[in-house]
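Shown next: structure21.pdb, containing PDB, C-alpha atoms and all ligand atoms.
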ATOM      1  CA  MET V   1      34.998  39.748  65.852  1.00  0.00           C
ATOM      2  CA  ASN V   2      38.383  38.399  64.795  1.00  0.00           C
ATOM      3  CA  PHE V   3      41.069  40.942  63.959  1.00  0.00           C
ATOM      4  CA  LYS V   4      40.326  41.012  60.218  1.00  0.00           C
ATOM      5  CA  GLU V   5      36.679  41.722  60.992  1.00  0.00           C
ATOM      6  CA  ILE V   6      37.715  44.502  63.374  1.00  0.00           C
ATOM      7  CA  ALA V   7      39.952  46.003  60.661  1.00  0.00           C
ATOM      8  CA  GLU V   8      37.141  45.802  58.119  1.00  0.00           C
ATOM      9  CA  ASN V   9      34.642  47.407  60.495  1.00  0.00           C
ATOM     10  CA  ARG V  10      36.843  50.168  61.901  1.00  0.00           C
ATOM     11  CA  GLN V  11      36.465  53.417  60.088  1.00  0.00           C
ATOM     12  CA  SER V  12      36.856  57.050  60.997  1.00  0.00           C
ATOM     13  CA  CYS V  13      33.547  57.992  62.592  1.00  0.00           C
ATOM     14  CA  ARG V  14      32.584  61.567  61.814  1.00  0.00           C
ATOM     15  CA  ALA V  15      28.944  61.394  62.937  1.00  0.00           C
ATOM     16  CA  TYR V  16      28.363  60.677  66.638  1.00  0.00           C
ATOM     17  CA  ALA V  17      25.077  60.191  68.464  1.00  0.00           C
ATOM     18  CA  PRO V  18      25.432  63.248  70.760  1.00  0.00           C
ATOM     19  CA  ASP V  19      23.168  61.914  73.529  1.00  0.00           C
ATOM     20  CA  LYS V  20      24.715  58.463  73.826  1.00  0.00           C
ATOM     21  CA  ASP V  21      27.498  58.331  76.376  1.00  0.00           C
ATOM     22  CA  VAL V  22      30.299  55.751  76.488  1.00  0.00           C
ATOM     23  CA  GLU V  23      29.925  53.235  79.316  1.00  0.00           C
ATOM     24  CA  GLN V  24      32.822  53.398  81.790  1.00  0.00           C
ATOM     25  CA  GLU V  25      33.345  49.592  81.538  1.00  0.00           C
ATOM     26  CA  LYS V  26      33.884  49.864  77.780  1.00  0.00           C
ATOM     27  CA  LEU V  27      36.256  52.781  78.188  1.00  0.00           C
ATOM     28  CA  ASP V  28      38.180  50.881  80.884  1.00  0.00           C
ATOM     29  CA  ARG V  29      38.547  47.908  78.576  1.00  0.00           C
ATOM     30  CA  ILE V  30      39.832  50.100  75.744  1.00  0.00           C
ATOM     31  CA  LEU V  31      42.406  51.607  78.109  1.00  0.00           C
ATOM     32  CA  GLU V  32      43.430  48.152  79.331  1.00  0.00           C
ATOM     33  CA  VAL V  33      44.077  47.142  75.725  1.00  0.00           C
ATOM     34  CA  ALA V  34      46.004  50.389  75.115  1.00  0.00           C
ATOM     35  CA  ARG V  35      48.199  49.454  78.069  1.00  0.00           C
ATOM     36  CA  LEU V  36      49.126  46.198  76.305  1.00  0.00           C
ATOM     37  CA  ALA V  37      50.450  47.928  73.184  1.00  0.00           C
ATOM     38  CA  PRO V  38      54.099  47.245  72.330  1.00  0.00           C
ATOM     39  CA  SER V  39      56.629  50.073  72.216  1.00  0.00           C
ATOM     40  CA  ALA V  40      60.348  50.546  71.627  1.00  0.00           C
ATOM     41  CA  CYS V  41      62.240  49.125  74.639  1.00  0.00           C
ATOM     42  CA  ASN V  42      58.820  48.762  76.275  1.00  0.00           C
ATOM     43  CA  GLY V  43      59.092  52.448  77.193  1.00  0.00           C
ATOM     44  CA  GLN V  44      55.496  53.529  76.413  1.00  0.00           C
ATOM     45  CA  PRO V  45      56.624  57.144  75.767  1.00  0.00           C
ATOM     46  CA  TYR V  46      53.127  58.568  75.859  1.00  0.00           C
ATOM     47  CA  HIS V  47      50.291  59.441  78.184  1.00  0.00           C
ATOM     48  CA  ILE V  48      46.555  59.182  77.651  1.00  0.00           C
ATOM     49  CA  THR V  49      44.265  61.828  79.102  1.00  0.00           C
ATOM     50  CA  VAL V  50      40.583  60.882  79.120  1.00  0.00           C
ATOM     51  CA  CYS V  51      38.347  63.906  78.588  1.00  0.00           C
ATOM     52  CA  ARG V  52      34.631  63.855  79.230  1.00  0.00           C
ATOM     53  CA  GLY V  53      32.022  66.579  79.765  1.00  0.00           C
ATOM     54  CA  GLU V  54      33.251  70.157  79.528  1.00  0.00           C
ATOM     55  CA  ALA V  55      36.851  69.053  78.977  1.00  0.00           C
ATOM     56  CA  ALA V  56      35.816  66.940  75.968  1.00  0.00           C
ATOM     57  CA  LYS V  57      33.916  69.895  74.476  1.00  0.00           C
ATOM     58  CA  ASN V  58      36.913  72.177  74.961  1.00  0.00           C
ATOM     59  CA  VAL V  59      39.337  69.655  73.462  1.00  0.00           C
ATOM     60  CA  ALA V  60      36.969  69.225  70.501  1.00  0.00           C
ATOM     61  CA  LYS V  61      37.105  72.986  69.928  1.00  0.00           C
ATOM     62  CA  ALA V  62      40.890  72.805  69.978  1.00  0.00           C
ATOM     63  CA  THR V  63      40.779  70.384  67.004  1.00  0.00           C
ATOM     64  CA  GLN V  64      38.549  72.601  64.908  1.00  0.00           C
ATOM     65  CA  GLY V  65      40.886  75.244  63.497  1.00  0.00           C
ATOM     66  CA  MET V  66      40.151  76.327  59.911  1.00  0.00           C
ATOM     67  CA  GLY V  67      36.756  74.599  59.896  1.00  0.00           C
ATOM     68  CA  MET V  68      38.167  71.110  60.503  1.00  0.00           C
ATOM     69  CA  ASN V  69      36.760  68.334  62.695  1.00  0.00           C
ATOM     70  CA  LYS V  70      33.358  69.914  63.425  1.00  0.00           C
ATOM     71  CA  PHE V  71      31.965  66.461  64.206  1.00  0.00           C
ATOM     72  CA  ALA V  72      34.287  66.183  67.221  1.00  0.00           C
ATOM     73  CA  SER V  73      31.900  68.306  69.322  1.00  0.00           C
ATOM     74  CA  ASP V  74      29.370  65.456  69.362  1.00  0.00           C
ATOM     75  CA  ALA V  75      31.795  62.823  70.666  1.00  0.00           C
ATOM     76  CA  PRO V  76      31.276  62.289  74.408  1.00  0.00           C
ATOM     77  CA  VAL V  77      34.868  61.205  75.033  1.00  0.00           C
ATOM     78  CA  MET V  78      38.150  62.574  73.719  1.00  0.00           C
ATOM     79  CA  LEU V  79      41.344  60.624  74.328  1.00  0.00           C
ATOM     80  CA  VAL V  80      44.367  62.904  74.234  1.00  0.00           C
ATOM     81  CA  ILE V  81      47.668  61.195  73.503  1.00  0.00           C
ATOM     82  CA  SER V  82      50.666  63.255  74.547  1.00  0.00           C
ATOM     83  CA  GLU V  83      54.375  62.556  74.591  1.00  0.00           C
ATOM     84  CA  ARG V  84      56.311  61.311  77.584  1.00  0.00           C
ATOM     85  CA  PRO V  85      60.098  61.004  77.616  1.00  0.00           C
ATOM     86  CA  TYR V  86      61.807  57.991  76.123  1.00  0.00           C
ATOM     87  CA  VAL V  87      63.330  55.445  78.470  1.00  0.00           C
ATOM     88  CA  ALA V  88      67.141  55.699  78.259  1.00  0.00           C
ATOM     89  CA  SER V  89      67.656  52.716  75.922  1.00  0.00           C
ATOM     90  CA  ALA V  90      64.991  53.904  73.456  1.00  0.00           C
ATOM     91  CA  ALA V  91      66.436  57.438  73.539  1.00  0.00           C
ATOM     92  CA  LEU V  92      69.857  56.030  72.687  1.00  0.00           C
ATOM     93  CA  GLY V  93      68.439  53.780  69.947  1.00  0.00           C
ATOM     94  CA  ALA V  94      66.454  56.647  68.422  1.00  0.00           C
ATOM     95  CA  LYS V  95      69.576  58.818  68.335  1.00  0.00           C
ATOM     96  CA  VAL V  96      71.990  56.202  67.042  1.00  0.00           C
ATOM     97  CA  LYS V  97      69.581  54.797  64.471  1.00  0.00           C
ATOM     98  CA  LYS V  98      67.975  58.165  63.647  1.00  0.00           C
ATOM     99  CA  ASN V  99      64.526  56.678  63.996  1.00  0.00           C
ATOM    100  CA  ASP V 100      61.487  58.351  65.533  1.00  0.00           C
ATOM    101  CA  TYR V 101      60.367  55.437  67.690  1.00  0.00           C
ATOM    102  CA  ARG V 102      58.029  57.611  69.741  1.00  0.00           C
ATOM    103  CA  SER V 103      55.853  58.433  66.743  1.00  0.00           C
ATOM    104  CA  ILE V 104      55.736  54.748  65.866  1.00  0.00           C
ATOM    105  CA  ASP V 105      54.773  53.844  69.443  1.00  0.00           C
ATOM    106  CA  ILE V 106      52.020  56.473  69.480  1.00  0.00           C
ATOM    107  CA  GLY V 107      50.682  55.154  66.183  1.00  0.00           C
ATOM    108  CA  ILE V 108      50.567  51.626  67.577  1.00  0.00           C
ATOM    109  CA  VAL V 109      48.717  52.630  70.747  1.00  0.00           C
ATOM    110  CA  ALA V 110      46.241  54.591  68.635  1.00  0.00           C
ATOM    111  CA  ALA V 111      45.694  51.500  66.487  1.00  0.00           C
ATOM    112  CA  TYR V 112      45.071  49.368  69.594  1.00  0.00           C
ATOM    113  CA  ILE V 113      42.598  51.918  70.965  1.00  0.00           C
ATOM    114  CA  THR V 114      40.630  52.210  67.743  1.00  0.00           C
ATOM    115  CA  ALA V 115      40.603  48.440  67.211  1.00  0.00           C
ATOM    116  CA  GLU V 116      39.288  47.654  70.698  1.00  0.00           C
ATOM    117  CA  ALA V 117      36.726  50.453  70.430  1.00  0.00           C
ATOM    118  CA  THR V 118      35.472  48.846  67.213  1.00  0.00           C
ATOM    119  CA  ALA V 119      35.233  45.488  68.970  1.00  0.00           C
ATOM    120  CA  GLN V 120      33.136  47.238  71.640  1.00  0.00           C
ATOM    121  CA  GLY V 121      30.756  48.639  69.013  1.00  0.00           C
ATOM    122  CA  LEU V 122      32.096  52.177  69.406  1.00  0.00           C
ATOM    123  CA  GLY V 123      33.201  54.690  66.800  1.00  0.00           C
ATOM    124  CA  THR V 124      36.530  56.527  66.786  1.00  0.00           C
ATOM    125  CA  CYS V 125      38.395  59.031  64.690  1.00  0.00           C
ATOM    126  CA  ILE V 126      42.111  59.736  65.063  1.00  0.00           C
ATOM    127  CA  LEU V 127      42.714  63.488  64.864  1.00  0.00           C
ATOM    128  CA  GLY V 128      46.093  64.924  64.032  1.00  0.00           C
ATOM    129  CA  TRP V 129      44.753  68.402  63.285  1.00  0.00           C
ATOM    130  CA  LEU V 130      44.897  69.971  66.710  1.00  0.00           C
ATOM    131  CA  SER V 131      46.148  72.900  68.775  1.00  0.00           C
ATOM    132  CA  ASP V 132      48.797  71.450  71.028  1.00  0.00           C
ATOM    133  CA  ASP V 133      49.055  74.472  73.369  1.00  0.00           C
ATOM    134  CA  LYS V 134      45.297  74.775  73.923  1.00  0.00           C
ATOM    135  CA  ILE V 135      44.876  71.069  74.661  1.00  0.00           C
ATOM    136  CA  ARG V 136      47.825  71.036  77.042  1.00  0.00           C
ATOM    137  CA  GLU V 137      46.219  73.862  78.973  1.00  0.00           C
ATOM    138  CA  ILE V 138      42.780  72.202  79.070  1.00  0.00           C
ATOM    139  CA  CYS V 139      44.256  68.883  80.209  1.00  0.00           C
ATOM    140  CA  GLY V 140      46.997  70.253  82.456  1.00  0.00           C
ATOM    141  CA  ILE V 141      49.719  68.243  80.740  1.00  0.00           C
ATOM    142  CA  ASP V 142      53.316  69.110  79.807  1.00  0.00           C
ATOM    143  CA  GLY V 143      54.044  66.695  76.967  1.00  0.00           C
ATOM    144  CA  THR V 144      53.427  67.629  73.352  1.00  0.00           C
ATOM    145  CA  VAL V 145      49.979  66.517  72.233  1.00  0.00           C
ATOM    146  CA  ARG V 146      50.391  64.216  69.235  1.00  0.00           C
ATOM    147  CA  LEU V 147      46.903  62.822  68.640  1.00  0.00           C
ATOM    148  CA  VAL V 148      43.356  63.112  69.864  1.00  0.00           C
ATOM    149  CA  ILE V 149      40.959  60.204  69.413  1.00  0.00           C
ATOM    150  CA  THR V 150      37.230  60.901  69.392  1.00  0.00           C
ATOM    151  CA  LEU V 151      35.182  58.131  70.980  1.00  0.00           C
ATOM    152  CA  GLY V 152      31.447  57.593  71.012  1.00  0.00           C
ATOM    153  CA  TYR V 153      28.568  55.760  69.374  1.00  0.00           C
ATOM    154  CA  ALA V 154      28.110  56.380  65.674  1.00  0.00           C
ATOM    155  CA  LYS V 155      24.768  57.757  64.554  1.00  0.00           C
ATOM    156  CA  GLU V 156      22.516  54.952  63.374  1.00  0.00           C
ATOM    157  CA  ASP V 157      22.579  56.124  59.749  1.00  0.00           C
ATOM    158  CA  ASP V 158      26.394  56.232  59.699  1.00  0.00           C
ATOM    159  CA  LYS V 159      27.026  53.224  57.489  1.00  0.00           C
ATOM    160  CA  LEU V 160      30.219  51.289  56.901  1.00  0.00           C
ATOM    161  CA  ARG V 161      31.987  52.802  53.882  1.00  0.00           C
ATOM    162  CA  PRO V 162      33.945  50.757  51.347  1.00  0.00           C
ATOM    163  CA  LYS V 163      37.645  50.963  52.156  1.00  0.00           C
ATOM    164  CA  LYS V 164      39.796  52.900  49.686  1.00  0.00           C
ATOM    165  CA  ARG V 165      43.328  51.601  49.933  1.00  0.00           C
ATOM    166  CA  LYS V 166      46.387  51.118  47.756  1.00  0.00           C
ATOM    167  CA  ALA V 167      46.421  47.990  45.621  1.00  0.00           C
ATOM    168  CA  MET V 168      48.281  45.104  47.231  1.00  0.00           C
ATOM    169  CA  ASP V 169      51.058  45.179  44.606  1.00  0.00           C
ATOM    170  CA  GLU V 170      51.667  48.862  45.286  1.00  0.00           C
ATOM    171  CA  LEU V 171      51.735  48.289  49.024  1.00  0.00           C
ATOM    172  CA  VAL V 172      53.700  45.046  49.240  1.00  0.00           C
ATOM    173  CA  LYS V 173      56.775  43.601  47.566  1.00  0.00           C
ATOM    174  CA  THR V 174      58.264  40.212  48.325  1.00  0.00           C
ATOM    175  CA  VAL V 175      61.983  39.630  47.909  1.00  0.00           C
ATOM    176  CA  GLU V 176      63.745  36.285  48.393  1.00  0.00           C
TER
HETATM  177  C1  LIG H   1      47.737  60.364  62.173  1.00  0.00           C
HETATM  178  C2  LIG H   1      46.318  60.555  61.667  1.00  0.00           C
HETATM  179  C3  LIG H   1      45.751  61.834  61.703  1.00  0.00           C
HETATM  180  C4  LIG H   1      44.426  62.022  61.268  1.00  0.00           C
HETATM  181  N1  LIG H   1      43.834  63.264  61.412  1.00  0.00           N
HETATM  182  C5  LIG H   1      42.536  63.423  61.086  1.00  0.00           C
HETATM  183  C6  LIG H   1      41.866  64.636  61.358  1.00  0.00           C
HETATM  184  O1  LIG H   1      42.409  65.585  61.928  1.00  0.00           O
HETATM  185  N2  LIG H   1      40.547  64.731  60.997  1.00  0.00           N
HETATM  186  C7  LIG H   1      39.883  63.693  60.402  1.00  0.00           C
HETATM  187  O2  LIG H   1      38.692  63.851  60.119  1.00  0.00           O
HETATM  188  N3  LIG H   1      40.492  62.515  60.166  1.00  0.00           N
HETATM  189  C8  LIG H   1      41.787  62.349  60.494  1.00  0.00           C
HETATM  190  N4  LIG H   1      42.397  61.124  60.299  1.00  0.00           N
HETATM  191  C9  LIG H   1      41.629  60.010  59.731  1.00  0.00           C
HETATM  192  C10 LIG H   1      42.104  59.622  58.311  1.00  0.00           C
HETATM  193  O3  LIG H   1      41.674  60.602  57.408  1.00  0.00           O
HETATM  194  C11 LIG H   1      41.522  58.234  57.969  1.00  0.00           C
HETATM  195  O4  LIG H   1      42.028  57.278  58.874  1.00  0.00           O
HETATM  196  C12 LIG H   1      41.834  57.776  56.557  1.00  0.00           C
HETATM  197  O5  LIG H   1      41.285  58.647  55.609  1.00  0.00           O
HETATM  198  C13 LIG H   1      41.286  56.360  56.291  1.00  0.00           C
HETATM  199  O6  LIG H   1      39.885  56.320  56.495  1.00  0.00           O
HETATM  200  P1  LIG H   1      39.227  55.363  57.579  1.00  0.00           P
HETATM  201  O7  LIG H   1      39.850  55.685  58.907  1.00  0.00           O
HETATM  202  O8  LIG H   1      37.752  55.695  57.549  1.00  0.00           O
HETATM  203  O9  LIG H   1      39.487  53.934  57.174  1.00  0.00           O
HETATM  204  C14 LIG H   1      43.700  60.919  60.731  1.00  0.00           C
HETATM  205  C15 LIG H   1      44.283  59.639  60.731  1.00  0.00           C
HETATM  206  C16 LIG H   1      45.555  59.444  61.202  1.00  0.00           C
HETATM  207  C17 LIG H   1      46.112  58.040  61.232  1.00  0.00           C
END
Could I get this file's structure written as structure tokens?
Amino acid sequence: MNFKEIAENRQSCRAYAPDKDVEQEKLDRILEVARLAPSACNGQPYHITVCRGEAAKNVAKATQGMGMNKFASDAPVMLVISERPYVASAALGAKVKKNDYRSIDIGIVAAYITAEATAQGLGTCILGWLSDDKIREICGIDGTVRLVITLGYAKEDDKLRPKKRKAMDELVKTVE
């Protein structure tokens, strides 16, 4: 798949085949790609905790407040993305320029993860609805949890949906 094909095929998977695990080689490759993601001052101000088994089930529960994200319980792998401190130059830049580079960096690494997972034939869903304190306890991490990504094989009847997006002229303006 070229990148456009990956973008067209990636969608939030909310129906996982519960008995189909993710091969370690595929997970390793996804993490290798995540490692290549760009970040402000190359600081990579985040950490990825891979949860499988009981930990994955517990993290799934911690994304299910108010009836949300029920599907997460069927995903065999949960990738927890938590904050790490900025490197000094990015911290200075963020302060001087009043820009939240860390959120941008976390968004980019999430995009890399979901894109490579798609290329590997796997389904993902980025979850922002989560209980930070519960997940930190489950994973034994200090940094604020910003995103969880569910990872697994989509159920066979989970078809590709048409993409609903803003029209190009609403999204893009060219100035010369
Ligand atoms: C930062 C972020 C947080 C999200 N949180 C959730 C979530 O908690 N639960 C969920 O089902 N989808 C969540 N999504 C998925 C979006 O709803 C989805 O990406 C969007 O509707 C576009 O659909 P698509 O991913 O199928 O193309 C989140 C996506 C992003 C980028």
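When only C-alpha atoms and all ligand atoms are used to measure the gap to ligand LIG 1 (chain H), the shortest distance among V:Cys51, V:Cys125, V:Ala37, V:Val87 belongs to V:Cys125.
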Extending 5 Å beyond the listed atoms of ligand LIG 1 (chain H) on each side, what axis-aligned box results? I want centre and edge lengths in Å to one decimal, as lines of an AutoDock Vina configuration file.
center_x = 42.7
center_y = 59.8
center_z = 58.9
size_x = 20.0
size_y = 21.7
size_z = 16.6
Discussion item. Could you list, as an MDAnalysis selection string, all protein and nucleic acid residues with an atom at most 10 Å from ligand LIG 1 (chain H), counting only C-alpha atoms and all ligand atoms?
Written reply: chainID V and resid 7:14 63:65 68:72 103 106:107 110:111 114 124:130 146:150 160:165
Mind dumping the selected residues with C-alpha atoms as a PDB file, in the frame of the given file?
ATOM      1  CA  ALA V   7      39.952  46.003  60.661  1.00  0.00           C
ATOM      2  CA  GLU V   8      37.141  45.802  58.119  1.00  0.00           C
ATOM      3  CA  ASN V   9      34.642  47.407  60.495  1.00  0.00           C
ATOM      4  CA  ARG V  10      36.843  50.168  61.901  1.00  0.00           C
ATOM      5  CA  GLN V  11      36.465  53.417  60.088  1.00  0.00           C
ATOM      6  CA  SER V  12      36.856  57.050  60.997  1.00  0.00           C
ATOM      7  CA  CYS V  13      33.547  57.992  62.592  1.00  0.00           C
ATOM      8  CA  ARG V  14      32.584  61.567  61.814  1.00  0.00           C
ATOM      9  CA  THR V  63      40.779  70.384  67.004  1.00  0.00           C
ATOM     10  CA  GLN V  64      38.549  72.601  64.908  1.00  0.00           C
ATOM     11  CA  GLY V  65      40.886  75.244  63.497  1.00  0.00           C
ATOM     12  CA  MET V  68      38.167  71.110  60.503  1.00  0.00           C
ATOM     13  CA  ASN V  69      36.760  68.334  62.695  1.00  0.00           C
ATOM     14  CA  LYS V  70      33.358  69.914  63.425  1.00  0.00           C
ATOM     15  CA  PHE V  71      31.965  66.461  64.206  1.00  0.00           C
ATOM     16  CA  ALA V  72      34.287  66.183  67.221  1.00  0.00           C
ATOM     17  CA  SER V 103      55.853  58.433  66.743  1.00  0.00           C
ATOM     18  CA  ILE V 106      52.020  56.473  69.480  1.00  0.00           C
ATOM     19  CA  GLY V 107      50.682  55.154  66.183  1.00  0.00           C
ATOM     20  CA  ALA V 110      46.241  54.591  68.635  1.00  0.00           C
ATOM     21  CA  ALA V 111      45.694  51.500  66.487  1.00  0.00           C
ATOM     22  CA  THR V 114      40.630  52.210  67.743  1.00  0.00           C
ATOM     23  CA  THR V 124      36.530  56.527  66.786  1.00  0.00           C
ATOM     24  CA  CYS V 125      38.395  59.031  64.690  1.00  0.00           C
ATOM     25  CA  ILE V 126      42.111  59.736  65.063  1.00  0.00           C
ATOM     26  CA  LEU V 127      42.714  63.488  64.864  1.00  0.00           C
ATOM     27  CA  GLY V 128      46.093  64.924  64.032  1.00  0.00           C
ATOM     28  CA  TRP V 129      44.753  68.402  63.285  1.00  0.00           C
ATOM     29  CA  LEU V 130      44.897  69.971  66.710  1.00  0.00           C
ATOM     30  CA  ARG V 146      50.391  64.216  69.235  1.00  0.00           C
ATOM     31  CA  LEU V 147      46.903  62.822  68.640  1.00  0.00           C
ATOM     32  CA  VAL V 148      43.356  63.112  69.864  1.00  0.00           C
ATOM     33  CA  ILE V 149      40.959  60.204  69.413  1.00  0.00           C
ATOM     34  CA  THR V 150      37.230  60.901  69.392  1.00  0.00           C
ATOM     35  CA  LEU V 160      30.219  51.289  56.901  1.00  0.00           C
ATOM     36  CA  ARG V 161      31.987  52.802  53.882  1.00  0.00           C
ATOM     37  CA  PRO V 162      33.945  50.757  51.347  1.00  0.00           C
ATOM     38  CA  LYS V 163      37.645  50.963  52.156  1.00  0.00           C
ATOM     39  CA  LYS V 164      39.796  52.900  49.686  1.00  0.00           C
ATOM     40  CA  ARG V 165      43.328  51.601  49.933  1.00  0.00           C
TER      41      ARG V 165
END
Compile a residue-level contact table for segment 14-62 of chain V against segment 115-121 of chain V at a cut-off of 7 Å, reporting for every qualifying residue the shortest atom pair and its distance in Å to one decimal, with only C-alpha atoms counted, rows ordered by chain and ascending number, as a Markdown table.
| residue | atom | partner | partner_atom | distance |
| --- | --- | --- | --- | --- |
| V:Lys26 | CA | V:Gln120 | CA | 6.7 |
| V:Ile30 | CA | V:Glu116 | CA | 5.6 |
| V:Val33 | CA | V:Glu116 | CA | 7.0 |
Practice prompt. Skip Gln24 of chain V itself and residues of its chain fewer than 2 positions away, then list as a ChimeraX atom specification all residues within 12 Å of it, counting only C-alpha atoms.
Written response: /V:21-22,26-31,50,52,76-77,120,152
Item to complete: Quote the spacing between atom CA of Lys57 of chain V and atom CA of Gly140 of chain V in Å to one decimal place.
Response: 15.3 Å
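If all atoms listed in the file are the atoms counted, then among V:Leu36, V:Ala154, V:Cys41, V:Ala56 the closest residue to Ala91 of chain V is V:Cys41.
Compared by their closest atoms to Lys61 of chain V, and using all atoms listed in the file, the residues V:Ile135, V:Val80, V:Ala88, V:Ile108 rank with V:Ile135 nearest.
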Fewer than 3 positions away in the same chain doesn't count, so skip those; otherwise give me all residues within 6 Å of Ser39 of chain V, counting only C-alpha atoms, as an mmCIF file with C-alpha atoms, keeping the file's coordinate frame.
data_model
loop_
_atom_site.group_PDB
_atom_site.id
_atom_site.type_symbol
_atom_site.label_atom_id
_atom_site.label_comp_id
_atom_site.auth_asym_id
_atom_site.auth_seq_id
_atom_site.Cartn_x
_atom_site.Cartn_y
_atom_site.Cartn_z
ATOM 1 C CA ASN V 42 58.820 48.762 76.275
ATOM 2 C CA GLN V 44 55.496 53.529 76.413
ATOM 3 C CA ASP V 105 54.773 53.844 69.443
#
Worksheet entry | Residues matched by the PyMOL selection byres (((chain V and resi 156) around 10) and not hetatm) as a list in words | Ala15, Tyr16, Ala17, Tyr153, Ala154, Lys155, Asp157, Asp158 and Lys159 of chain V
Fill in: Polymer residues at most 8 Å from Ala90 of chain V, only C-alpha atoms, same-chain spacing of 6 or more positions, as a list in words
Ala40, Cys41, Gly43 and Tyr101 of chain V
Grab the residues selected above and save them as a tab-separated table (two decimals), keeping the file's coordinate frame with C-alpha atoms.
chain	number	residue	atom	x	y	z
V	40	ALA	CA	60.35	50.55	71.63
V	41	CYS	CA	62.24	49.12	74.64
V	43	GLY	CA	59.09	52.45	77.19
V	101	TYR	CA	60.37	55.44	67.69
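In this structure, atom CA of Lys97 of chain V sits 26.9 Å away from atom CA of Glu170 of chain V.
Distance annotation: of V:Ser89, V:Thr174, V:Asn58, V:Ser73, the residue with the minimal separation from Glu137 of chain V is V:Asn58; atom set is only C-alpha atoms.
Atom pair atom CA of Leu92 of chain V / atom CA of Asp132 of chain V: separated by 26.2 Å.
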Worksheet entry | Residues matched by the PyMOL selection byres (((chain V and resi 143) around 9) and not hetatm), written as a PyMOL selection string | chain V and resi 46-47+82-85+136+141-142+144-146
